[in-house]
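Colleague: See data-v7.txt below, with compact mmCIF, C-alpha atoms.
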```
# COMPACT_ATOMS: atom_id res chain seq x y z
CA MET A 1 77.91 -0.44 54.97
CA SER A 2 76.96 3.04 53.78
CA GLU A 3 75.84 5.64 56.26
CA ARG A 4 73.14 6.76 53.83
CA THR A 5 71.67 3.25 53.66
CA ARG A 6 71.66 3.04 57.41
CA ALA A 7 69.99 6.42 57.78
CA LEU A 8 67.27 5.46 55.29
CA LEU A 9 66.61 2.20 57.12
CA GLU A 10 66.45 3.83 60.54
CA GLU A 11 63.65 6.06 59.25
CA HIS A 12 61.74 3.33 57.46
CA ALA A 13 58.31 2.46 58.88
CA PHE A 14 58.69 -1.26 58.14
CA LEU A 15 61.59 -1.39 60.58
CA ALA A 16 60.00 0.70 63.33
CA GLY A 17 60.96 -0.74 66.71
CA PHE A 18 63.59 -3.10 65.30
CA PRO A 19 66.80 -3.50 67.35
CA VAL A 20 70.03 -2.01 66.07
CA GLU A 21 71.38 -5.41 65.01
CA ALA A 22 68.44 -5.84 62.63
CA ILE A 23 69.15 -2.45 61.07
CA ASP A 24 72.83 -3.38 60.85
CA LEU A 25 71.98 -6.62 59.10
CA LEU A 26 69.79 -4.91 56.52
CA ALA A 27 72.28 -2.12 56.03
CA ALA A 28 74.97 -4.70 55.30
CA SER A 29 72.69 -6.41 52.77
CA GLY A 30 71.25 -3.35 51.10
CA GLU A 31 72.04 -0.27 49.08
CA PRO A 32 70.07 2.76 47.87
CA ALA A 33 68.36 2.36 44.52
CA SER A 34 66.49 4.80 42.25
CA PHE A 35 64.03 4.15 39.46
CA VAL A 36 62.63 6.65 37.01
CA ALA A 37 58.93 6.55 36.22
CA GLY A 38 57.99 3.61 34.02
CA THR A 39 60.95 1.37 34.77
CA LEU A 40 60.57 -2.12 36.19
CA LEU A 41 61.92 -2.95 39.62
CA PHE A 42 61.38 -6.63 38.90
CA ARG A 43 59.54 -8.90 36.52
CA GLU A 44 57.12 -11.77 37.15
CA GLY A 45 58.83 -15.17 37.13
CA SER A 46 62.33 -13.94 37.80
CA LEU A 47 64.33 -14.92 40.86
CA ALA A 48 63.21 -12.90 43.90
CA ASP A 49 66.75 -11.86 44.75
CA THR A 50 65.89 -8.34 45.92
CA ALA A 51 63.35 -6.79 48.28
CA TYR A 52 62.76 -3.06 48.10
CA LEU A 53 62.06 -0.92 51.12
CA VAL A 54 60.43 2.04 49.42
CA THR A 55 61.51 5.41 50.79
CA GLY A 56 59.96 7.66 48.15
CA GLY A 57 57.57 7.53 45.22
CA GLN A 58 55.02 4.92 44.34
CA VAL A 59 55.42 1.42 42.88
CA ALA A 60 52.68 -0.36 40.93
CA VAL A 61 52.33 -4.11 41.38
CA GLU A 62 51.13 -5.31 38.00
CA VAL A 63 50.15 -8.39 36.11
CA HIS A 64 50.30 -8.48 32.34
CA ALA A 65 47.00 -9.65 30.86
CA PRO A 66 46.50 -10.63 27.22
CA ASN A 67 44.77 -7.90 25.21
CA ARG A 68 44.78 -5.62 28.27
CA GLY A 69 48.45 -4.98 28.89
CA PRO A 70 49.64 -4.25 32.41
CA VAL A 71 46.87 -4.32 35.01
CA VAL A 72 47.73 -2.65 38.31
CA VAL A 73 46.54 -4.77 41.23
CA ASP A 74 48.09 -2.75 44.04
CA THR A 75 50.38 0.18 44.73
CA VAL A 76 53.11 0.42 47.33
CA GLY A 77 54.47 3.71 48.61
CA ALA A 78 57.05 5.08 51.01
CA GLY A 79 57.34 3.17 54.26
CA HIS A 80 56.28 -0.09 52.67
CA VAL A 81 58.03 -3.09 51.16
CA VAL A 82 57.68 -4.42 47.65
CA GLY A 83 58.97 -7.83 46.63
CA LEU A 84 57.97 -10.34 49.29
CA SER A 85 58.41 -13.47 47.19
CA TRP A 86 61.87 -14.07 48.65
CA ALA A 87 60.23 -15.14 51.90
CA ALA A 88 58.86 -18.47 50.68
CA PRO A 89 59.49 -21.01 47.89
CA PRO A 90 59.71 -20.92 44.92
CA PHE A 91 61.45 -17.56 45.57
CA ARG A 92 60.24 -16.08 42.29
CA TYR A 93 58.35 -12.83 41.86
CA GLN A 94 54.67 -13.42 41.15
CA PHE A 95 54.00 -9.96 39.67
CA ASP A 96 55.77 -7.15 37.88
CA ALA A 97 56.68 -4.05 39.88
CA ARG A 98 56.95 -0.74 38.05
CA ALA A 99 57.84 2.76 39.23
CA LEU A 100 54.86 5.07 38.80
CA ASP A 101 57.00 8.11 39.47
CA GLN A 102 60.54 8.67 40.66
CA VAL A 103 61.02 5.87 43.18
CA GLU A 104 63.68 5.77 45.87
CA ALA A 105 64.26 2.60 47.82
CA VAL A 106 66.76 0.48 49.69
CA ALA A 107 67.40 -2.66 47.64
CA VAL A 108 68.11 -5.60 49.91
CA ASP A 109 70.01 -8.70 48.76
CA THR A 110 67.55 -11.36 49.86
CA ALA A 111 69.93 -14.34 49.51
CA ARG A 112 72.26 -12.68 51.95
CA LEU A 113 69.39 -11.69 54.19
CA ARG A 114 67.92 -15.20 54.25
CA ALA A 115 71.31 -16.71 55.10
CA ALA A 116 71.79 -14.24 57.93
CA LEU A 117 68.29 -14.82 59.31
CA ALA A 118 68.83 -18.59 59.22
CA GLU A 119 71.91 -18.04 61.37
CA ASP A 120 70.02 -15.94 63.91
CA PRO A 121 66.56 -17.38 64.68
CA VAL A 122 65.66 -14.48 66.97
CA LEU A 123 66.18 -11.98 64.19
CA GLY A 124 64.61 -14.42 61.76
CA PHE A 125 61.45 -14.54 63.83
CA LEU A 126 61.42 -10.76 64.12
CA PHE A 127 61.59 -10.30 60.36
CA LEU A 128 59.07 -13.00 59.54
CA ASP A 129 56.71 -11.69 62.21
CA ARG A 130 56.82 -8.22 60.62
CA LEU A 131 56.47 -9.69 57.14
CA ALA A 132 53.46 -11.72 58.27
CA SER A 133 51.86 -8.51 59.50
CA VAL A 134 52.43 -6.86 56.10
CA MET A 135 51.09 -9.88 54.23
CA LEU A 136 48.05 -10.14 56.50
CA GLY A 137 47.28 -6.47 55.92
CA ARG A 138 47.48 -6.96 52.16
CA LEU A 139 45.33 -10.09 52.31
CA GLN A 140 42.66 -8.28 54.33
CA ALA A 141 42.74 -5.26 52.03
CA THR A 142 42.41 -7.52 49.01
CA ARG A 143 39.41 -9.26 50.57
CA ILE A 144 37.70 -5.93 51.20
CA ARG A 145 38.28 -4.94 47.58
CA LEU A 146 36.75 -8.24 46.48
CA LEU A 147 33.50 -7.03 48.05
CA ASP A 148 33.31 -4.33 45.36
CA LEU A 149 31.80 -2.00 47.94
CA TYR A 150 31.40 0.92 45.54
CA GLY A 151 29.94 -1.19 42.76
CA PRO A 152 26.31 -1.60 41.73
CA VAL A 153 23.98 -2.19 44.67
CA ARG A 154 22.88 -5.80 44.81
CA GLY A 155 19.85 -7.13 46.60
CA MET B 1 10.31 24.93 59.53
CA GLY B 2 7.58 23.43 61.72
CA GLU B 3 6.95 19.70 61.94
CA ALA B 4 3.75 19.89 59.88
CA ALA B 5 5.57 21.70 57.11
CA THR B 6 8.29 19.04 57.00
CA LEU B 7 5.77 16.47 55.81
CA VAL B 8 4.87 18.49 52.72
CA PRO B 9 7.40 18.74 49.89
CA GLU B 10 8.27 22.25 48.75
CA PRO B 11 8.75 22.74 45.02
CA TYR B 12 12.34 23.40 43.92
CA VAL B 13 13.40 24.07 40.37
CA VAL B 14 16.47 22.42 38.86
CA VAL B 15 18.67 25.38 37.93
CA GLY B 16 21.71 23.33 36.98
CA ARG B 17 23.13 19.82 36.86
CA ARG B 18 26.60 18.33 36.83
CA GLN B 19 27.41 14.82 35.64
CA GLU B 20 29.89 13.66 38.29
CA ALA B 21 30.28 10.11 36.94
CA ASP B 22 28.38 7.77 34.62
CA ASP B 23 25.69 7.11 37.21
CA VAL B 24 26.08 10.14 39.48
CA VAL B 25 24.54 13.57 38.97
CA THR B 26 24.53 16.70 41.12
CA LEU B 27 21.33 18.72 40.93
CA LEU B 28 21.47 22.44 41.71
CA LEU B 29 18.14 23.49 43.17
CA GLU B 30 16.41 26.74 44.04
CA PRO B 31 13.03 27.07 45.78
CA THR B 32 10.31 28.26 43.43
CA ASP B 33 9.10 30.59 46.15
CA GLY B 34 10.72 32.17 49.20
CA PRO B 35 14.14 31.75 50.77
CA ARG B 36 15.97 28.45 50.95
CA PRO B 37 16.21 27.09 54.51
CA ASP B 38 19.78 26.73 55.75
CA PHE B 39 21.15 23.47 57.03
CA ALA B 40 24.20 22.03 58.75
CA PRO B 41 26.70 19.84 56.88
CA GLY B 42 25.73 16.20 57.20
CA GLN B 43 21.99 16.82 57.23
CA PHE B 44 19.70 15.46 54.53
CA ASN B 45 16.55 16.30 52.65
CA MET B 46 13.81 14.04 51.39
CA VAL B 47 13.86 14.64 47.64
CA THR B 48 10.77 13.85 45.60
CA SER B 49 10.48 12.93 41.97
CA PHE B 50 6.80 13.70 41.54
CA GLY B 51 4.81 10.65 40.52
CA ARG B 52 7.64 8.26 41.35
CA GLY B 53 8.61 8.64 44.96
CA GLU B 54 10.91 10.16 47.51
CA ILE B 55 14.42 9.37 48.74
CA ALA B 56 16.75 10.72 51.40
CA VAL B 57 19.73 12.62 50.00
CA SER B 58 22.36 14.49 52.00
CA MET B 59 23.28 18.02 51.06
CA SER B 60 26.55 18.20 49.17
CA SER B 61 26.86 21.99 49.09
CA ALA B 62 28.35 24.16 51.79
CA ALA B 63 26.06 25.39 54.54
CA GLY B 64 25.57 29.06 55.27
CA THR B 65 26.37 30.17 51.76
CA PRO B 66 24.17 31.73 49.10
CA GLY B 67 23.43 29.99 45.85
CA PRO B 68 21.63 26.83 44.93
CA LEU B 69 21.18 23.84 47.17
CA GLU B 70 23.19 20.90 45.82
CA HIS B 71 22.22 17.26 46.00
CA CYS B 72 24.55 14.63 44.56
CA ILE B 73 22.55 11.55 43.60
CA ARG B 74 23.65 8.12 42.47
CA GLN B 75 21.32 6.18 40.23
CA VAL B 76 20.45 2.97 42.08
CA GLY B 77 16.66 2.66 41.70
CA ALA B 78 13.60 4.11 40.00
CA VAL B 79 13.38 7.31 42.05
CA SER B 80 17.08 8.09 41.96
CA ALA B 81 17.17 7.33 38.23
CA ALA B 82 14.33 9.80 37.65
CA LEU B 83 16.07 12.45 39.75
CA CYS B 84 19.36 11.88 37.94
CA ALA B 85 17.51 12.43 34.68
CA ALA B 86 15.73 15.60 35.84
CA PRO B 87 16.46 18.30 33.27
CA VAL B 88 17.22 21.95 34.02
CA GLY B 89 13.90 23.74 34.49
CA SER B 90 12.07 20.75 35.91
CA VAL B 91 10.66 20.77 39.43
CA VAL B 92 11.38 18.36 42.26
CA GLY B 93 10.08 18.28 45.83
CA ILE B 94 12.18 18.98 48.91
CA ARG B 95 11.38 18.25 52.56
CA GLY B 96 13.90 19.09 55.20
CA PRO B 97 16.52 19.63 56.41
CA PHE B 98 16.50 16.60 58.67
CA GLY B 99 18.81 14.78 61.02
CA SER B 100 22.06 15.42 62.80
CA SER B 101 25.18 17.08 61.47
CA TRP B 102 28.93 16.48 61.47
CA ASP B 103 29.07 18.77 64.52
CA LEU B 104 31.99 20.83 63.25
CA GLY B 105 31.40 23.48 65.90
CA ASP B 106 32.45 20.88 68.40
CA VAL B 107 35.94 20.35 66.93
CA GLU B 108 38.63 21.82 69.17
CA ASP B 109 40.89 24.51 67.73
CA GLY B 110 44.15 22.98 66.62
CA ALA B 111 42.77 19.47 66.28
CA ASP B 112 43.37 17.67 63.00
CA VAL B 113 40.34 16.34 61.17
CA VAL B 114 40.51 13.19 59.07
CA VAL B 115 37.74 12.82 56.51
CA MET B 116 37.40 9.36 55.00
CA ALA B 117 34.92 8.79 52.19
CA GLY B 118 34.07 5.84 50.00
CA GLY B 119 32.28 6.21 46.68
CA ILE B 120 29.18 8.40 46.86
CA GLY B 121 30.03 8.88 50.56
CA LEU B 122 32.12 11.89 49.57
CA ALA B 123 28.93 13.82 48.74
CA PRO B 124 27.58 14.17 52.32
CA LEU B 125 31.08 15.20 53.42
CA ARG B 126 31.70 17.81 50.74
CA GLY B 127 30.09 20.70 52.63
CA ALA B 128 31.98 19.79 55.79
CA ILE B 129 35.28 19.60 53.88
CA ILE B 130 34.72 23.08 52.43
CA GLU B 131 34.33 24.41 56.00
CA LEU B 132 37.31 22.43 57.25
CA VAL B 133 39.60 23.68 54.49
CA ALA B 134 38.66 27.26 55.47
CA ARG B 135 39.32 26.32 59.10
CA GLN B 136 42.79 25.04 58.17
CA GLN B 137 43.53 28.25 56.29
CA ALA B 138 42.63 30.11 59.47
CA GLY B 139 45.29 28.05 61.27
CA LEU B 140 42.86 26.06 63.41
CA GLY B 141 43.93 22.52 62.45
CA ARG B 142 44.77 20.38 59.48
CA VAL B 143 42.25 18.58 57.33
CA LEU B 144 43.02 15.31 55.60
CA VAL B 145 40.71 14.03 52.90
CA LEU B 146 41.03 10.33 52.09
CA ALA B 147 38.72 9.24 49.30
CA GLY B 148 38.14 5.82 47.82
CA ALA B 149 36.50 5.00 44.53
CA ARG B 150 35.86 1.91 42.49
CA ALA B 151 37.90 3.09 39.51
CA PRO B 152 39.52 6.32 38.30
CA ASP B 153 36.49 7.33 36.22
CA GLN B 154 34.29 7.00 39.32
CA ILE B 155 36.16 9.53 41.42
CA LEU B 156 33.66 12.18 42.47
CA PHE B 157 34.36 15.91 42.81
CA ALA B 158 37.78 15.54 41.19
CA ASP B 159 38.03 19.32 40.67
CA ASP B 160 37.21 19.90 44.34
CA LEU B 161 39.83 17.38 45.45
CA ARG B 162 42.46 19.23 43.45
CA ALA B 163 41.26 22.60 44.79
CA TRP B 164 41.35 21.37 48.40
CA GLU B 165 44.88 20.10 47.88
CA ARG B 166 45.95 23.43 46.41
CA ALA B 167 44.39 25.11 49.44
CA GLY B 168 46.63 23.08 51.74
CA ALA B 169 44.57 20.03 52.65
CA HIS B 170 46.22 16.62 52.54
CA VAL B 171 44.30 14.73 49.86
CA GLY B 172 44.70 11.03 49.19
CA VAL B 173 42.71 9.13 46.62
CA SER B 174 42.70 5.38 46.18
CA VAL B 175 40.87 3.24 43.65
CA ASP B 176 39.97 -0.42 43.97
CA VAL B 177 40.83 -1.13 40.35
CA GLY B 178 43.34 0.82 38.27
CA ALA B 179 43.00 1.80 34.65
CA PRO B 180 45.36 2.73 31.84
CA GLY B 181 46.86 6.12 32.60
CA TRP B 182 46.08 6.02 36.31
CA THR B 183 49.29 6.62 38.25
CA GLY B 184 47.69 7.08 41.66
CA THR B 185 47.12 4.64 44.48
CA VAL B 186 45.40 1.30 43.94
CA GLY B 187 44.08 -0.28 47.13
CA VAL B 188 41.58 0.13 49.93
CA VAL B 189 40.95 3.67 51.14
CA THR B 190 41.79 2.69 54.73
CA GLU B 191 45.37 1.97 53.63
CA LEU B 192 45.81 5.70 52.97
CA LEU B 193 45.72 6.20 56.72
CA ALA B 194 49.12 4.58 57.19
CA THR B 195 50.98 7.53 55.67
CA ALA B 196 48.47 10.29 56.38
CA PRO B 197 50.27 13.04 58.32
CA PHE B 198 48.09 13.89 61.30
CA ASP B 199 48.28 14.07 65.04
CA ALA B 200 45.86 11.52 66.48
CA ASN B 201 45.81 13.32 69.82
CA GLY B 202 42.53 15.24 69.88
CA ALA B 203 41.88 14.42 66.22
CA ARG B 204 38.33 14.20 64.88
CA ALA B 205 37.39 11.78 62.11
CA LEU B 206 34.38 11.83 59.80
CA LEU B 207 33.48 8.74 57.80
CA CYS B 208 30.91 8.18 55.14
CA GLY B 209 30.58 5.34 52.68
CA PRO B 210 29.52 1.71 52.54
CA GLU B 211 29.02 0.33 56.03
CA VAL B 212 31.78 -2.25 55.66
CA MET B 213 34.20 0.51 54.69
CA MET B 214 33.20 2.53 57.76
CA ARG B 215 33.58 -0.54 59.97
CA PHE B 216 37.14 -1.15 58.80
CA GLY B 217 37.87 2.57 58.60
CA GLY B 218 36.80 3.10 62.19
CA ARG B 219 39.05 0.30 63.37
CA ALA B 220 41.98 1.62 61.35
CA LEU B 221 41.52 5.09 62.86
CA VAL B 222 41.43 3.65 66.37
CA ASP B 223 44.60 1.69 65.55
CA ARG B 224 46.22 5.00 64.57
CA GLY B 225 45.34 6.34 68.02
CA VAL B 226 42.17 8.30 67.31
CA ASP B 227 39.74 8.34 70.25
CA PRO B 228 36.64 6.30 69.14
CA ALA B 229 34.40 8.92 70.78
CA ARG B 230 35.79 11.52 68.36
CA ILE B 231 34.88 9.51 65.27
CA ARG B 232 31.59 10.21 63.49
CA VAL B 233 29.96 8.05 60.84
CA SER B 234 26.96 8.65 58.61
CA LEU B 235 24.48 5.80 58.62
CA GLU B 236 22.22 4.90 55.74
CA ARG B 237 18.82 3.32 56.24
CA ASN B 238 15.41 3.34 54.59
CA MET B 239 14.32 6.83 55.58
CA GLN B 240 10.73 7.68 54.74
CA CYS B 241 9.04 10.20 57.04
CA GLY B 242 12.24 12.02 58.03
CA VAL B 243 10.91 13.01 61.45
CA GLY B 244 11.10 9.80 63.47
CA LEU B 245 7.44 8.82 63.18
CA CYS B 246 7.20 5.89 60.80
CA GLY B 247 10.02 3.70 62.12
CA HIS B 248 11.23 2.47 58.74
CA CYS B 249 14.78 3.62 59.48
CA GLN B 250 15.07 2.01 62.89
CA TYR B 251 18.56 0.71 63.50
CA GLY B 252 18.99 -0.77 66.99
CA PRO B 253 18.07 2.00 69.43
CA LEU B 254 18.19 4.66 66.72
CA LEU B 255 15.73 6.15 64.35
CA VAL B 256 18.33 7.14 61.81
CA CYS B 257 16.33 9.99 60.28
CA ARG B 258 15.93 11.65 63.68
CA ASP B 259 18.98 10.46 65.67
CA GLY B 260 21.34 10.32 62.67
CA ALA B 261 22.30 10.09 60.00
CA VAL B 262 25.57 11.24 61.62
CA VAL B 263 26.26 9.39 64.85
CA ARG B 264 29.13 8.68 67.20
CA TYR B 265 31.27 5.67 66.31
CA GLY B 266 32.71 4.82 69.74
CA GLY B 267 30.19 3.07 71.95
CA LEU B 268 27.41 3.27 69.40
CA ALA B 269 28.03 2.67 65.70
CA ASP B 270 30.99 0.37 66.38
CA GLU B 271 28.61 -1.90 68.32
CA LEU B 272 25.77 -1.58 65.82
CA PHE B 273 28.14 -2.51 62.99
CA MET B 274 28.84 -5.81 64.73
CA GLU B 275 25.20 -6.84 65.10
CA ARG B 276 24.27 -9.71 62.80
CA ASN B 277 20.50 -9.87 63.30
CA ARG B 278 19.50 -7.18 60.84
```
Spell out the structure here as structure tokens.
Modeller:
Amino acid sequence: MSERTRALLEEHAFLAGFPVEAIDLLAASGEPASFVAGTLLFREGSLADTAYLVTGGQVAVEVHAPNRGPVVVDTVGAGHVVGLSWAAPPFRYQFDARALDQVEAVAVDTARLRAALAEDPVLGFLFLDRLASVMLGRLQATRIRLLDLYGPVRG
Amino acid sequence: MGEAATLVPEPYVVVGRRQEADDVVTLLLEPTDGPRPDFAPGQFNMVTSFGRGEIAVSMSSAAGTPGPLEHCIRQVGAVSAALCAAPVGSVVGIRGPFGSSWDLGDVEDGADVVVMAGGIGLAPLRGAIIELVARQQAGLGRVLVLAGARAPDQILFADDLRAWERAGAHVGVSVDVGAPGWTGTVGVVTELLATAPFDANGARALLCGPEVMMRFGGRALVDRGVDPARIRVSLERNMQCGVGLCGHCQYGPLLVCRDGAVVRYGGLADELFMERNR
């Protein structure tokens, strides 16, 4: 377990309020990772074996559309998590994730994390509870965007 | 300006125009005769396109400064389309100023001010932001500008946003839909609050934009610890007379032209936003 990984996790907003054993677990399953602008963190369809706790920079969540190329559907910055597909079957990423600028993150081995959470239901609930909060926030934000509030005024 | 005078449009000449986006134009206006009345940021004028009609438009220039009056107008109907098309040298009518202001004199020294705008909602806040940036430079409290737009080519006052950032303001911009070359944030403007660096204790917040955005924005600010009584929102209704006589802009207990457009969120707008019978 690297001290740097631990320090990054202790400061990360996603883990705010988590007990020390949760930080220990993530620190044992993760390592710092860097991505230069334009590189992919992961690709749609591949095994969701890593979750990224972003500590710096901005990540675009993209989908590749025919004749349009990559279409950014969301961005994720420091203090947030990208790569949630490990949390539920089929455990495959549903979008591409690309660094928009220099991105720093803690890359977490999700197979190891899942195994550890299965062993400790209290920690498992804690993680899934926090993940549910993140996913709910993204769902609500997506619904607001569907309203196209700044678009043409309709009667 | 007396009440009788406020019912008669004064002629103003278009001395300049800026195309802010495809469907958004800022008109720079000077009275054809006499001095231009001053106003407070957040107030509005009734702007006439002669022969077509009149609409309420907030001032987008800074108060208390010389130079033309600025009105930023989005083309959504016949009158606004005519105003957006008004060429330099043409004459429009102005009645006002009307309504309440963002009440910047009421912001405590040292308090941070969060400004959240959606779409054309940045226009009524522009004058206030200019004052708040100067206030920050005087060491009286930070200003954070969080702006949302539909797409990158719809971001208003892009030069101002860059200038405010250079002057020390925290500026965050988010678009609902990205575009090739856009490397900024894609998402809802309220999400910018999560990483906005401000002290909620004593903070003031100013919101302007679509009502749904203000509803969610107000809640997000309260979740960050901002006192609901320190949040102001700018309401939009069908304003016609501008002086609280005709009743067209009635919204619950308010006549928006007289009691607004800027009102308190906590204990007023937050409750109005939840009413369904309107």
Colleague: Give the answer as one residue: which of A:Leu8, A:Leu40, A:Leu100, A:Val54 has the shortest atom-to-atom distance to chain B, using all atoms listed in the file?
Modeller: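 The shortest atom-to-atom distance to chain B comes from A:Leu100.
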Colleague: One decimal, in Å: what's the spacing between CA of Phe50 (chain B) and CA of Pro9 (chain B)?
Modeller: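 Result for CA of Phe50 (chain B) versus CA of Pro9 (chain B): 9.8 Å, one decimal.
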Colleague: Can you tell me how far CA of Ser58 (chain B) sits from CA of Asn45 (chain B), in Å to one decimal?
Modeller: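 These two atoms are separated by 6.1 Å.
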Colleague: List every protein, DNA or RNA residue that has at least one atom no more than 7 Å from (50.5, -5.6, 40.3) in the file's coordinates, counting all atoms listed in the file, and write the result as an MDAnalysis selection string.
Modeller: chainID A and resid 60:63 71:74 95:97
Colleague: Between A:Met135, A:Ala87, A:Leu53, A:Ala37, which residue has the minimum interatomic distance to chain B, considering only C-alpha atoms?
Modeller: A:Ala37
Colleague: Quick one: pull the distance between CA of Gln154 (chain B) and CA of Pro152 (chain A), Å, one decimal.
Modeller: 12.0 Å
Colleague: Kindly indicate which residue among B:Tyr12, B:Leu161, B:Ala147, B:Glu275 lies nearest to Ile120 (chain B), using all atoms listed in the file for the distances.
Modeller: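 Residue with the minimum atom-to-atom distance to Ile120 (chain B): B:Ala147.
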Colleague: Within 12 Å of chain A, which residues of chain B show up when using all atoms listed in the file, listed as an MDAnalysis selection string?
Modeller: chainID B and resid 22:24 74:77 117:122 147:151 154:156 173:192 194:196 209:217 220
Colleague: Counting all atoms listed in the file, note down every residue that has an atom within 10 Å of the point (71.7, -13.9, 47.6) (file coordinates), as a ChimeraX atom specification.
Modeller: /A:29,48-50,86,108-115
Colleague: Do you know which residues are at most 7 Å from region 15-27 of chain A counting all atoms listed in the file, after dropping those on the same chain fewer than 3 positions away, and could you put them as a list of chain:residue names?
Modeller: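 Close residues of region 15-27 of chain A: A:Met1, A:Thr5, A:Arg6, A:Leu9, A:Glu10, A:His12, A:Gly30, A:Val108, A:Leu123.
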Colleague: Show me, as a PDB file with C-alpha atoms, in the coordinates of the input, the residues that have an atom within 9 Å of Asp227 (chain B) when counting all atoms listed in the file, minus same-chain residues fewer than 6 positions from it.
Modeller:
```
ATOM      1  CA  ALA B 200      45.860  11.520  66.480  1.00  0.00           C
ATOM      2  CA  ASN B 201      45.810  13.320  69.820  1.00  0.00           C
ATOM      3  CA  GLY B 202      42.530  15.240  69.880  1.00  0.00           C
ATOM      4  CA  ALA B 203      41.880  14.420  66.220  1.00  0.00           C
ATOM      5  CA  ARG B 204      38.330  14.200  64.880  1.00  0.00           C
ATOM      6  CA  LEU B 221      41.520   5.090  62.860  1.00  0.00           C
ATOM      7  CA  GLY B 266      32.710   4.820  69.740  1.00  0.00           C
TER       8      GLY B 266
END
```
Colleague: Which residue is closest to Leu83 (chain B)? Choose from B:Arg36, B:Arg17, B:Arg126, B:Arg95 and count only C-alpha atoms.
Modeller: B:Arg17
Colleague: Using only C-alpha atoms, pick whichever of A:Ser2, A:Gly45, A:Leu139, A:Ala33 has the shortest atom-to-atom distance to Arg92 (chain A).
Modeller: A:Gly45
